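Participant: Please find model.pdb (PDB, C-alpha atoms, pLDDT in the B column) on the next line:
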ATOM      1  CA  MET A   1       0.000   0.000   0.000  1.00 88.00           C
ATOM      2  CA  SER A   2       1.275   3.448  -0.811  1.00 94.00           C
ATOM      3  CA  VAL A   3      -0.030   6.977  -0.606  1.00 97.00           C
ATOM      4  CA  LYS A   4       1.271  10.367  -1.646  1.00 98.00           C
ATOM      5  CA  GLU A   5      -0.527  13.655  -1.033  1.00 98.00           C
ATOM      6  CA  GLN A   6       0.322  17.304  -0.605  1.00 98.00           C
ATOM      7  CA  LYS A   7      -1.482  20.425   0.516  1.00 98.00           C
ATOM      8  CA  ASP A   8      -0.619  24.082   1.057  1.00 98.00           C
ATOM      9  CA  PHE A   9      -1.507  25.941   4.237  1.00 98.00           C
ATOM     10  CA  ASP A  10      -1.338  29.506   5.464  1.00 98.00           C
ATOM     11  CA  VAL A  11       1.674  30.129   7.667  1.00 97.00           C
ATOM     12  CA  SER A  12      -0.151  30.747  10.931  1.00 96.00           C
ATOM     13  CA  ALA A  13      -0.884  29.098  14.254  1.00 96.00           C
ATOM     14  CA  ALA A  14      -4.474  28.692  13.093  1.00 96.00           C
ATOM     15  CA  SER A  15      -3.271  26.309  10.367  1.00 97.00           C
ATOM     16  CA  LEU A  16      -1.824  23.798  12.802  1.00 97.00           C
ATOM     17  CA  LYS A  17      -5.189  22.215  13.454  1.00 97.00           C
ATOM     18  CA  GLU A  18      -5.817  21.952   9.705  1.00 98.00           C
ATOM     19  CA  ILE A  19      -2.419  20.372   9.174  1.00 98.00           C
ATOM     20  CA  ARG A  20      -3.136  17.783  11.847  1.00 98.00           C
ATOM     21  CA  ALA A  21      -6.497  17.008  10.258  1.00 98.00           C
ATOM     22  CA  PHE A  22      -4.898  16.663   6.814  1.00 98.00           C
ATOM     23  CA  ALA A  23      -2.205  14.357   8.177  1.00 98.00           C
ATOM     24  CA  ARG A  24      -4.763  12.202   9.999  1.00 98.00           C
ATOM     25  CA  GLU A  25      -6.821  11.901   6.839  1.00 98.00           C
ATOM     26  CA  VAL A  26      -3.856  10.845   4.699  1.00 98.00           C
ATOM     27  CA  LEU A  27      -2.400   8.472   7.291  1.00 98.00           C
ATOM     28  CA  SER A  28      -5.774   6.810   7.821  1.00 97.00           C
ATOM     29  CA  LYS A  29      -5.571   5.460   4.265  1.00 97.00           C
ATOM     30  CA  VAL A  30      -2.717   3.169   5.288  1.00 97.00           C
ATOM     31  CA  PRO A  31      -3.772   0.630   7.926  1.00 96.00           C
ATOM     32  CA  GLU A  32      -0.196  -0.229   8.948  1.00 95.00           C
ATOM     33  CA  LEU A  33       0.344   3.372  10.076  1.00 97.00           C
ATOM     34  CA  GLU A  34      -2.575   3.354  12.483  1.00 96.00           C
ATOM     35  CA  SER A  35      -0.621   2.554  15.652  1.00 97.00           C
ATOM     36  CA  THR A  36       1.791   5.446  15.133  1.00 97.00           C
ATOM     37  CA  THR A  37      -0.588   8.036  13.698  1.00 98.00           C
ATOM     38  CA  ASP A  38      -0.811  10.154  16.869  1.00 97.00           C
ATOM     39  CA  ASP A  39       2.969  10.336  17.180  1.00 98.00           C
ATOM     40  CA  VAL A  40       3.522  11.126  13.516  1.00 98.00           C
ATOM     41  CA  VAL A  41       0.854  13.835  13.555  1.00 98.00           C
ATOM     42  CA  LEU A  42       2.572  15.366  16.596  1.00 98.00           C
ATOM     43  CA  ALA A  43       5.953  15.338  14.844  1.00 98.00           C
ATOM     44  CA  LEU A  44       4.550  17.016  11.736  1.00 98.00           C
ATOM     45  CA  ALA A  45       2.645  19.591  13.783  1.00 98.00           C
ATOM     46  CA  GLU A  46       5.770  20.410  15.807  1.00 97.00           C
ATOM     47  CA  ALA A  47       7.720  20.936  12.586  1.00 97.00           C
ATOM     48  CA  ALA A  48       4.951  23.185  11.223  1.00 97.00           C
ATOM     49  CA  GLN A  49       4.906  25.095  14.490  1.00 96.00           C
ATOM     50  CA  ASN A  50       8.648  25.694  14.091  1.00 94.00           C
ATOM     51  CA  VAL A  51       7.980  27.241  10.677  1.00 96.00           C
ATOM     52  CA  VAL A  52       5.446  29.667  12.187  1.00 96.00           C
ATOM     53  CA  LYS A  53       7.587  30.460  15.235  1.00 93.00           C
ATOM     54  CA  HIS A  54      11.088  30.476  13.815  1.00 91.00           C
ATOM     55  CA  ALA A  55      11.054  30.775  10.000  1.00 94.00           C
ATOM     56  CA  TYR A  56       8.531  33.635  10.256  1.00 95.00           C
ATOM     57  CA  ASN A  57       9.111  34.650  13.899  1.00 91.00           C
ATOM     58  CA  GLY A  58       5.357  34.571  14.416  1.00 86.00           C
ATOM     59  CA  HIS A  59       4.874  37.485  12.006  1.00 91.00           C
ATOM     60  CA  PRO A  60       1.786  37.518   9.777  1.00 91.00           C
ATOM     61  CA  THR A  61       2.558  36.629   6.165  1.00 95.00           C
ATOM     62  CA  ALA A  62       0.771  35.933   2.916  1.00 96.00           C
ATOM     63  CA  ASP A  63       3.158  33.023   2.299  1.00 96.00           C
ATOM     64  CA  GLN A  64       2.002  29.469   2.405  1.00 97.00           C
ATOM     65  CA  MET A  65       3.810  26.358   3.563  1.00 98.00           C
ATOM     66  CA  ARG A  66       3.477  23.010   1.832  1.00 98.00           C
ATOM     67  CA  VAL A  67       3.037  19.657   3.512  1.00 98.00           C
ATOM     68  CA  GLU A  68       3.798  16.494   1.561  1.00 98.00           C
ATOM     69  CA  ILE A  69       3.112  13.052   2.979  1.00 98.00           C
ATOM     70  CA  CYS A  70       4.340   9.929   1.229  1.00 98.00           C
ATOM     71  CA  TYR A  71       4.286   6.290   2.293  1.00 98.00           C
ATOM     72  CA  GLU A  72       5.781   3.637   0.082  1.00 97.00           C
ATOM     73  CA  ASN A  73       7.988   0.584   0.552  1.00 97.00           C
ATOM     74  CA  LYS A  74       7.410   0.788   4.314  1.00 97.00           C
ATOM     75  CA  VAL A  75       8.919   4.259   4.541  1.00 98.00           C
ATOM     76  CA  LEU A  76       6.896   7.278   5.645  1.00 98.00           C
ATOM     77  CA  THR A  77       8.213  10.640   4.510  1.00 98.00           C
ATOM     78  CA  LEU A  78       6.860  13.953   5.764  1.00 98.00           C
ATOM     79  CA  GLU A  79       8.098  16.985   3.888  1.00 98.00           C
ATOM     80  CA  LEU A  80       7.559  20.577   4.943  1.00 98.00           C
ATOM     81  CA  LEU A  81       8.458  23.456   2.643  1.00 98.00           C
ATOM     82  CA  ASP A  82       8.380  27.159   3.411  1.00 97.00           C
ATOM     83  CA  LYS A  83       9.733  30.499   2.209  1.00 96.00           C
ATOM     84  CA  GLY A  84      10.671  31.960   5.560  1.00 95.00           C
ATOM     85  CA  GLU A  85      14.048  32.787   7.050  1.00 92.00           C
ATOM     86  CA  PRO A  86      16.571  30.098   6.145  1.00 91.00           C
ATOM     87  CA  ALA A  87      16.947  27.560   8.912  1.00 88.00           C
ATOM     88  CA  VAL A  88      20.421  26.863  10.236  1.00 83.00           C
ATOM     89  CA  PRO A  89      20.341  23.114  10.902  1.00 78.00           C
ATOM     90  CA  GLU A  90      23.353  23.271  13.230  1.00 76.00           C
ATOM     91  CA  ASN A  91      21.395  25.625  15.503  1.00 75.00           C
ATOM     92  CA  ILE A  92      18.337  23.380  15.695  1.00 75.00           C
ATOM     93  CA  LYS A  93      18.934  21.218  18.703  1.00 70.00           C
ATOM     94  CA  PRO A  94      16.530  19.648  21.158  1.00 69.00           C
ATOM     95  CA  ARG A  95      16.879  20.978  24.646  1.00 67.00           C
ATOM     96  CA  LYS A  96      18.496  18.786  27.244  1.00 67.00           C
ATOM     97  CA  LEU A  97      15.824  16.949  29.144  1.00 61.00           C
ATOM     98  CA  ASP A  98      17.360  17.768  32.490  1.00 66.00           C
ATOM     99  CA  GLU A  99      16.705  21.437  31.736  1.00 69.00           C
ATOM    100  CA  ILE A 100      13.159  21.788  33.006  1.00 66.00           C
ATOM    101  CA  ARG A 101      12.010  24.853  31.158  1.00 66.00           C
ATOM    102  CA  PRO A 102       9.299  25.762  28.681  1.00 64.00           C
ATOM    103  CA  GLY A 103      10.340  25.622  25.037  1.00 67.00           C
ATOM    104  CA  GLY A 104      12.706  23.493  22.993  1.00 79.00           C
ATOM    105  CA  LEU A 105      10.613  20.373  23.357  1.00 91.00           C
ATOM    106  CA  GLY A 106       9.200  20.320  19.838  1.00 93.00           C
ATOM    107  CA  THR A 107      12.482  19.375  18.212  1.00 92.00           C
ATOM    108  CA  PHE A 108      13.014  16.749  20.900  1.00 92.00           C
ATOM    109  CA  PHE A 109       9.618  15.219  20.126  1.00 95.00           C
ATOM    110  CA  ILE A 110      10.365  15.131  16.403  1.00 96.00           C
ATOM    111  CA  GLY A 111      13.645  13.336  17.113  1.00 94.00           C
ATOM    112  CA  GLN A 112      11.947  10.837  19.385  1.00 94.00           C
ATOM    113  CA  ILE A 113       9.246   9.994  16.856  1.00 97.00           C
ATOM    114  CA  MET A 114      10.994  10.100  13.499  1.00 98.00           C
ATOM    115  CA  ASP A 115      14.066   8.143  12.379  1.00 98.00           C
ATOM    116  CA  GLU A 116      15.674  10.844  10.311  1.00 97.00           C
ATOM    117  CA  ILE A 117      15.533  14.659  10.120  1.00 96.00           C
ATOM    118  CA  VAL A 118      17.147  16.246   7.080  1.00 95.00           C
ATOM    119  CA  PHE A 119      17.148  19.747   5.594  1.00 93.00           C
ATOM    120  CA  LYS A 120      17.384  19.645   1.819  1.00 93.00           C
ATOM    121  CA  THR A 121      18.168  22.458  -0.594  1.00 86.00           C
ATOM    122  CA  SER A 122      17.100  20.965  -3.906  1.00 82.00           C
ATOM    123  CA  ARG A 123      13.696  22.691  -4.275  1.00 88.00           C
ATOM    124  CA  LYS A 124      14.564  26.060  -5.710  1.00 87.00           C
ATOM    125  CA  ASP A 125      11.049  27.487  -5.348  1.00 92.00           C
ATOM    126  CA  TRP A 126      11.292  27.165  -1.585  1.00 96.00           C
ATOM    127  CA  ILE A 127      13.684  28.360   1.103  1.00 95.00           C
ATOM    128  CA  ASN A 128      13.416  25.625   3.709  1.00 96.00           C
ATOM    129  CA  HIS A 129      12.759  21.988   2.889  1.00 97.00           C
ATOM    130  CA  LEU A 130      12.546  19.720   5.904  1.00 97.00           C
ATOM    131  CA  VAL A 131      12.292  15.975   5.352  1.00 98.00           C
ATOM    132  CA  LEU A 132      11.258  13.701   8.214  1.00 98.00           C
ATOM    133  CA  THR A 133      11.468   9.963   7.658  1.00 98.00           C
ATOM    134  CA  LYS A 134      10.166   6.978   9.582  1.00 98.00           C
ATOM    135  CA  ARG A 135      10.710   3.352   8.613  1.00 98.00           C
ATOM    136  CA  TYR A 136       8.141   0.630   9.310  1.00 96.00           C
TER     137      TYR A 136
ATOM    138  CA  MET B   1     -10.046  24.839  23.313  1.00 93.00           C
ATOM    139  CA  SER B   2     -12.675  25.688  25.868  1.00 94.00           C
ATOM    140  CA  TYR B   3     -12.427  25.783  29.641  1.00 96.00           C
ATOM    141  CA  LYS B   4     -14.347  25.959  32.878  1.00 97.00           C
ATOM    142  CA  VAL B   5     -13.115  26.989  36.326  1.00 98.00           C
ATOM    143  CA  THR B   6     -14.584  25.819  39.595  1.00 98.00           C
ATOM    144  CA  GLU B   7     -13.645  26.963  43.096  1.00 97.00           C
ATOM    145  CA  GLU B   8     -13.710  24.996  46.302  1.00 96.00           C
ATOM    146  CA  GLY B   9     -11.986  26.588  49.283  1.00 94.00           C
ATOM    147  CA  ASN B  10      -8.470  27.509  48.203  1.00 94.00           C
ATOM    148  CA  ILE B  11      -8.513  25.054  45.320  1.00 97.00           C
ATOM    149  CA  SER B  12      -9.322  26.243  41.819  1.00 98.00           C
ATOM    150  CA  THR B  13      -9.922  23.552  39.236  1.00 98.00           C
ATOM    151  CA  VAL B  14      -9.442  24.423  35.590  1.00 98.00           C
ATOM    152  CA  PHE B  15     -11.176  21.995  33.239  1.00 98.00           C
ATOM    153  CA  LEU B  16      -9.576  22.224  29.806  1.00 98.00           C
ATOM    154  CA  ASP B  17     -11.285  20.806  26.766  1.00 97.00           C
ATOM    155  CA  GLY B  18     -10.227  20.177  23.179  1.00 97.00           C
ATOM    156  CA  GLU B  19      -6.830  20.565  21.558  1.00 97.00           C
ATOM    157  CA  ILE B  20      -4.025  22.544  23.197  1.00 97.00           C
ATOM    158  CA  ASP B  21      -1.564  23.895  20.681  1.00 97.00           C
ATOM    159  CA  MET B  22       0.322  27.099  19.918  1.00 95.00           C
ATOM    160  CA  GLU B  23      -2.866  28.858  18.876  1.00 95.00           C
ATOM    161  CA  VAL B  24      -4.503  28.557  22.303  1.00 96.00           C
ATOM    162  CA  THR B  25      -1.634  28.530  24.799  1.00 96.00           C
ATOM    163  CA  ASP B  26      -1.926  32.256  25.518  1.00 95.00           C
ATOM    164  CA  LYS B  27      -5.573  31.737  26.382  1.00 96.00           C
ATOM    165  CA  ALA B  28      -4.715  28.792  28.641  1.00 97.00           C
ATOM    166  CA  LYS B  29      -2.077  30.876  30.433  1.00 97.00           C
ATOM    167  CA  GLU B  30      -4.529  33.759  30.858  1.00 97.00           C
ATOM    168  CA  VAL B  31      -6.819  31.377  32.697  1.00 98.00           C
ATOM    169  CA  ILE B  32      -4.279  29.510  34.812  1.00 98.00           C
ATOM    170  CA  MET B  33      -1.611  32.071  35.756  1.00 98.00           C
ATOM    171  CA  PRO B  34      -3.832  34.555  37.643  1.00 98.00           C
ATOM    172  CA  LEU B  35      -5.077  31.716  39.831  1.00 98.00           C
ATOM    173  CA  ILE B  36      -1.508  30.741  40.703  1.00 98.00           C
ATOM    174  CA  GLU B  37      -0.571  34.379  41.283  1.00 98.00           C
ATOM    175  CA  ALA B  38      -3.506  34.599  43.682  1.00 97.00           C
ATOM    176  CA  LYS B  39      -1.738  31.733  45.500  1.00 97.00           C
ATOM    177  CA  LYS B  40      -4.555  29.327  44.900  1.00 97.00           C
ATOM    178  CA  GLU B  41      -3.801  25.628  44.720  1.00 97.00           C
ATOM    179  CA  VAL B  42      -4.643  24.862  41.116  1.00 98.00           C
ATOM    180  CA  HIS B  43      -5.901  21.581  39.716  1.00 98.00           C
ATOM    181  CA  ILE B  44      -5.791  21.292  35.937  1.00 98.00           C
ATOM    182  CA  ASN B  45      -8.228  18.659  34.729  1.00 98.00           C
ATOM    183  CA  LEU B  46      -7.094  17.215  31.406  1.00 98.00           C
ATOM    184  CA  LYS B  47      -9.725  14.530  30.946  1.00 98.00           C
ATOM    185  CA  GLU B  48     -11.232  16.170  27.869  1.00 98.00           C
ATOM    186  CA  VAL B  49      -8.003  17.255  26.208  1.00 98.00           C
ATOM    187  CA  GLN B  50      -7.594  15.156  23.079  1.00 97.00           C
ATOM    188  CA  TYR B  51      -4.328  16.657  21.882  1.00 98.00           C
ATOM    189  CA  MET B  52      -1.455  18.575  23.413  1.00 98.00           C
ATOM    190  CA  ASP B  53       1.806  19.583  21.754  1.00 97.00           C
ATOM    191  CA  SER B  54       5.023  21.091  23.100  1.00 96.00           C
ATOM    192  CA  SER B  55       3.312  24.491  23.503  1.00 95.00           C
ATOM    193  CA  GLY B  56       0.773  22.959  25.841  1.00 96.00           C
ATOM    194  CA  ILE B  57       3.486  21.127  27.752  1.00 96.00           C
ATOM    195  CA  SER B  58       5.265  24.480  28.139  1.00 94.00           C
ATOM    196  CA  VAL B  59       2.152  25.899  29.793  1.00 96.00           C
ATOM    197  CA  LEU B  60       2.175  23.018  32.274  1.00 96.00           C
ATOM    198  CA  ILE B  61       5.872  23.555  33.021  1.00 94.00           C
ATOM    199  CA  GLU B  62       5.448  27.318  33.445  1.00 95.00           C
ATOM    200  CA  SER B  63       2.460  26.785  35.712  1.00 97.00           C
ATOM    201  CA  HIS B  64       4.377  24.284  37.828  1.00 96.00           C
ATOM    202  CA  GLN B  65       7.384  26.582  38.098  1.00 95.00           C
ATOM    203  CA  LYS B  66       5.326  29.662  38.945  1.00 97.00           C
ATOM    204  CA  ALA B  67       3.422  27.757  41.619  1.00 97.00           C
ATOM    205  CA  THR B  68       6.640  26.446  43.153  1.00 96.00           C
ATOM    206  CA  GLU B  69       8.069  29.974  43.146  1.00 96.00           C
ATOM    207  CA  LEU B  70       4.993  31.329  44.940  1.00 97.00           C
ATOM    208  CA  GLY B  71       4.756  28.483  47.419  1.00 97.00           C
ATOM    209  CA  THR B  72       1.621  26.915  46.044  1.00 97.00           C
ATOM    210  CA  LYS B  73       0.950  23.859  43.901  1.00 97.00           C
ATOM    211  CA  VAL B  74      -0.401  22.813  40.512  1.00 98.00           C
ATOM    212  CA  THR B  75      -1.708  19.266  40.160  1.00 98.00           C
ATOM    213  CA  LEU B  76      -2.719  17.629  36.890  1.00 98.00           C
ATOM    214  CA  LYS B  77      -5.922  15.620  37.255  1.00 98.00           C
ATOM    215  CA  GLU B  78      -7.584  12.924  35.150  1.00 98.00           C
ATOM    216  CA  ILE B  79      -4.947  13.179  32.449  1.00 98.00           C
ATOM    217  CA  SER B  80      -6.163  11.827  29.125  1.00 98.00           C
ATOM    218  CA  LYS B  81      -4.188   9.000  27.546  1.00 97.00           C
ATOM    219  CA  SER B  82      -2.930  11.160  24.689  1.00 96.00           C
ATOM    220  CA  VAL B  83      -1.702  13.937  26.999  1.00 98.00           C
ATOM    221  CA  LEU B  84      -0.048  11.460  29.363  1.00 98.00           C
ATOM    222  CA  LYS B  85       1.826   9.982  26.433  1.00 97.00           C
ATOM    223  CA  VAL B  86       3.256  13.400  25.553  1.00 97.00           C
ATOM    224  CA  ILE B  87       4.140  14.165  29.199  1.00 96.00           C
ATOM    225  CA  MET B  88       5.987  10.862  29.374  1.00 96.00           C
ATOM    226  CA  MET B  89       7.717  11.450  26.063  1.00 94.00           C
ATOM    227  CA  ALA B  90       9.027  14.687  27.589  1.00 92.00           C
ATOM    228  CA  LYS B  91      10.027  12.697  30.682  1.00 91.00           C
ATOM    229  CA  LEU B  92       8.132  15.103  32.915  1.00 93.00           C
ATOM    230  CA  GLU B  93       6.099  12.568  34.860  1.00 94.00           C
ATOM    231  CA  GLN B  94       8.505  12.836  37.801  1.00 92.00           C
ATOM    232  CA  ILE B  95       8.604  16.632  37.663  1.00 93.00           C
ATOM    233  CA  LEU B  96       4.970  17.679  37.291  1.00 96.00           C
ATOM    234  CA  ASN B  97       2.451  16.699  39.933  1.00 96.00           C
ATOM    235  CA  LEU B  98       0.264  14.043  38.340  1.00 97.00           C
ATOM    236  CA  ASP B  99      -2.795  12.638  40.023  1.00 91.00           C
TER     237      ASP B  99
END
Could you take the file, read its structure, and then write that structure out as structure tokens?
Facilitator:
Amino acid sequence: MSVKEQKDFDVSAASLKEIRAFAREVLSKVPELESTTDDVVLALAEAAQNVVKHAYNGHPTADQMRVEICYENKVLTLELLDKGEPAVPENIKPRKLDEIRPGGLGTFFIGQIMDEIVFKTSRKDWINHLVLTKRY
Amino acid sequence: MSYKVTEEGNISTVFLDGEIDMEVTDKAKEVIMPLIEAKKEVHINLKEVQYMDSSGISVLIESHQKATELGTKVTLKEISKSVLKVIMMAKLEQILNLD
């Protein structure tokens, strides 16, 4: 079974709920993903939240971000593309868990849930291209 | 997200409902923080919260820290399965007061 879908969303906190709904809808088409759907939706939503918070610093924008979800050959790939400030992958680190403070958890969650986190630069129409991969 | 607050003696219980993400965390803080600042013991009931992300967890951490600073207490009550999973993923089950 395979599935591949994409959708564009406004870059805003209000879109996060829509992104989660889109992801749930796509993932529900693949029965073998059912047990991990909640985790995967969280990882994608945390990545989208990082776009709103960090790539656009929470500023209103007319830009859209694109979410692509693909499952084939037992590999789930979540791709997130935006035109915000370029991310500096070296600066994106999960906070240490012994630091009990608000913030910095989103990246930690993504790392816990997904097997691979990669920033690509091959899509010239976009600035940031995050690829999250999970193998089944 | 919607909420309801009940009072019993010095205990205020905040019943949160729905999905807690970046869009609603300011609203959640506006409800919870004044109660802590009034030095109430605050119970946050999470039975009807179906989804919480890192923003929501941050609200719980901030609430816990503010309460500790002011000599009062925040306790999480009836935590839904999905929220508990996220709390445990963040390894906060030993830090926050869970009931």
Participant: Would you please work out which residue, of B:Ala38, B:Val83, B:Met88, B:Ile61, is nearest to chain A when using only C-alpha atoms?
Facilitator: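 Among the listed residues, B:Ile61 lies closest to chain A.
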Participant: At what distance in Å, to one decimal, does atom CA of A:Ala62 lie from atom CA of A:Glu46?
Facilitator: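 Rounded to one decimal, the two atoms are 20.8 Å apart.
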Participant: Output the contact residues of chain B with respect to chain A at a cut-off of 10 Å, based on all atoms listed in the file, as an NGL selection string.
Facilitator: :B and (19-24 or 51-63 or 65 or 82 or 85-86 or 89-92 or 95)
Participant: Restricting the calculation to all atoms listed in the file: of A:Asp10, A:Glu79, A:Asp115, A:Glu72, which residue gets closest to A:Ala23?
Facilitator: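 The answer is A:Glu79, which sits nearest to A:Ala23.
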Participant: Nearest residue to B:His43 out of B:Asp17, B:Glu7, B:Glu93, B:Asp26, using all atoms listed in the file?
Facilitator: B:Glu7
Participant: Given the file above and the PyMOL selection byres ((chain A and resi 30) around 10), which residues are selected, and can you give them as an mmCIF file with C-alpha atoms, in the coordinates of the input?
Facilitator:
data_model
loop_
_atom_site.group_PDB
_atom_site.id
_atom_site.type_symbol
_atom_site.label_atom_id
_atom_site.label_comp_id
_atom_site.auth_asym_id
_atom_site.auth_seq_id
_atom_site.Cartn_x
_atom_site.Cartn_y
_atom_site.Cartn_z
ATOM 1 C CA MET A 1 0.000 0.000 0.000
ATOM 2 C CA SER A 2 1.275 3.448 -0.811
ATOM 3 C CA VAL A 3 -0.030 6.977 -0.606
ATOM 4 C CA GLU A 25 -6.821 11.901 6.839
ATOM 5 C CA VAL A 26 -3.856 10.845 4.699
ATOM 6 C CA LEU A 27 -2.400 8.472 7.291
ATOM 7 C CA SER A 28 -5.774 6.810 7.821
ATOM 8 C CA LYS A 29 -5.571 5.460 4.265
ATOM 9 C CA PRO A 31 -3.772 0.630 7.926
ATOM 10 C CA GLU A 32 -0.196 -0.229 8.948
ATOM 11 C CA LEU A 33 0.344 3.372 10.076
ATOM 12 C CA GLU A 34 -2.575 3.354 12.483
ATOM 13 C CA THR A 37 -0.588 8.036 13.698
ATOM 14 C CA TYR A 71 4.286 6.290 2.293
ATOM 15 C CA GLU A 72 5.781 3.637 0.082
#
Participant: Mind telling me what the PyMOL selection byres ((chain B and resi 47-49) around 6) catches here, as a ChimeraX atom specification?
Facilitator: /B:17-19,45-46,50-51,78-80
Participant: Step by step, work through what the PyMOL selection byres ((chain B and resi 15) around 6) selects in the shown file, and finish by giving those residues as an mmCIF file with C-alpha atoms, in the coordinates of the input.
Facilitator:
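Result saved to part18.cif:
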data_model
loop_
_atom_site.group_PDB
_atom_site.id
_atom_site.type_symbol
_atom_site.label_atom_id
_atom_site.label_comp_id
_atom_site.auth_asym_id
_atom_site.auth_seq_id
_atom_site.Cartn_x
_atom_site.Cartn_y
_atom_site.Cartn_z
ATOM 1 C CA TYR B 3 -12.427 25.783 29.641
ATOM 2 C CA LYS B 4 -14.347 25.959 32.878
ATOM 3 C CA VAL B 14 -9.442 24.423 35.590
ATOM 4 C CA LEU B 16 -9.576 22.224 29.806
ATOM 5 C CA ASN B 45 -8.228 18.659 34.729
#
Participant: Quick one: pull the distance between atom CA of A:Val67 and atom CA of A:Ala87, Å, one decimal.
Facilitator: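 Between atom CA of A:Val67 and atom CA of A:Ala87 the gap works out to 16.9 Å.
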Participant: Which value, in Å to one decimal, gives the distance between atom CA of B:Thr13 and atom CA of B:Val42?
Facilitator: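 Pair atom CA of B:Thr13 / atom CA of B:Val42 returns 5.8 Å.
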Participant: Pick the closest to B:Thr72 from B:Ile87, B:Leu96, B:Val31, B:Glu37: which is it, counting only C-alpha atoms?
Facilitator: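 Closest to B:Thr72, using only C-alpha atoms: B:Glu37.
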Participant: Report, as JSON, the centre and edge lengths in Å (one decimal) of the axis-aligned box enclosing every listed atom of stretch 22-29 of chain A, padded by 3 Å on each side.
Facilitator:
{"center_x": -4.5, "center_y": 11.1, "center_z": 7.1, "size_x": 10.6, "size_y": 17.2, "size_z": 11.7}
Participant: Excluding stretch 8-12 of chain B and residues on its chain fewer than 3 positions from it, collect all residues at most 9 Å away from it, counting all atoms listed in the file, and give them as a PDB file with C-alpha atoms, in the frame of the given file.
Facilitator:
ATOM      1  CA  VAL B   5     -13.115  26.989  36.326  1.00 98.00           C
ATOM      2  CA  LEU B  35      -5.077  31.716  39.831  1.00 98.00           C
ATOM      3  CA  LYS B  39      -1.738  31.733  45.500  1.00 97.00           C
ATOM      4  CA  LYS B  40      -4.555  29.327  44.900  1.00 97.00           C
ATOM      5  CA  GLU B  41      -3.801  25.628  44.720  1.00 97.00           C
ATOM      6  CA  VAL B  42      -4.643  24.862  41.116  1.00 98.00           C
ATOM      7  CA  HIS B  43      -5.901  21.581  39.716  1.00 98.00           C
ATOM      8  CA  ILE B  44      -5.791  21.292  35.937  1.00 98.00           C
TER       9      ILE B  44
END
Participant: Need to verify the contact set: A:Arg123, 12 Å, all atoms listed in the file, exclusion of same-chain residues closer than 3 positions in sequence. Can you return it as JSON, numbers by chain?
Facilitator: {"A": [66, 79, 80, 81, 82, 83, 119, 120, 126, 127, 128, 129, 130, 131]}
Participant: Name all residues at most 8 Å from stretch 73-75 of chain A (count all atoms listed in the file; drop same-chain ones fewer than 5 positions away) and give them as a list in words.
Facilitator: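 My list of contacting residues is Ser2, Thr133, Lys134, Arg135 and Tyr136 of chain A.
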Participant: Using all atoms listed in the file, which residue out of A:Val118, A:Val11, A:Ile110, A:Val41 lies closest to A:Ile69?
Facilitator: A:Val41
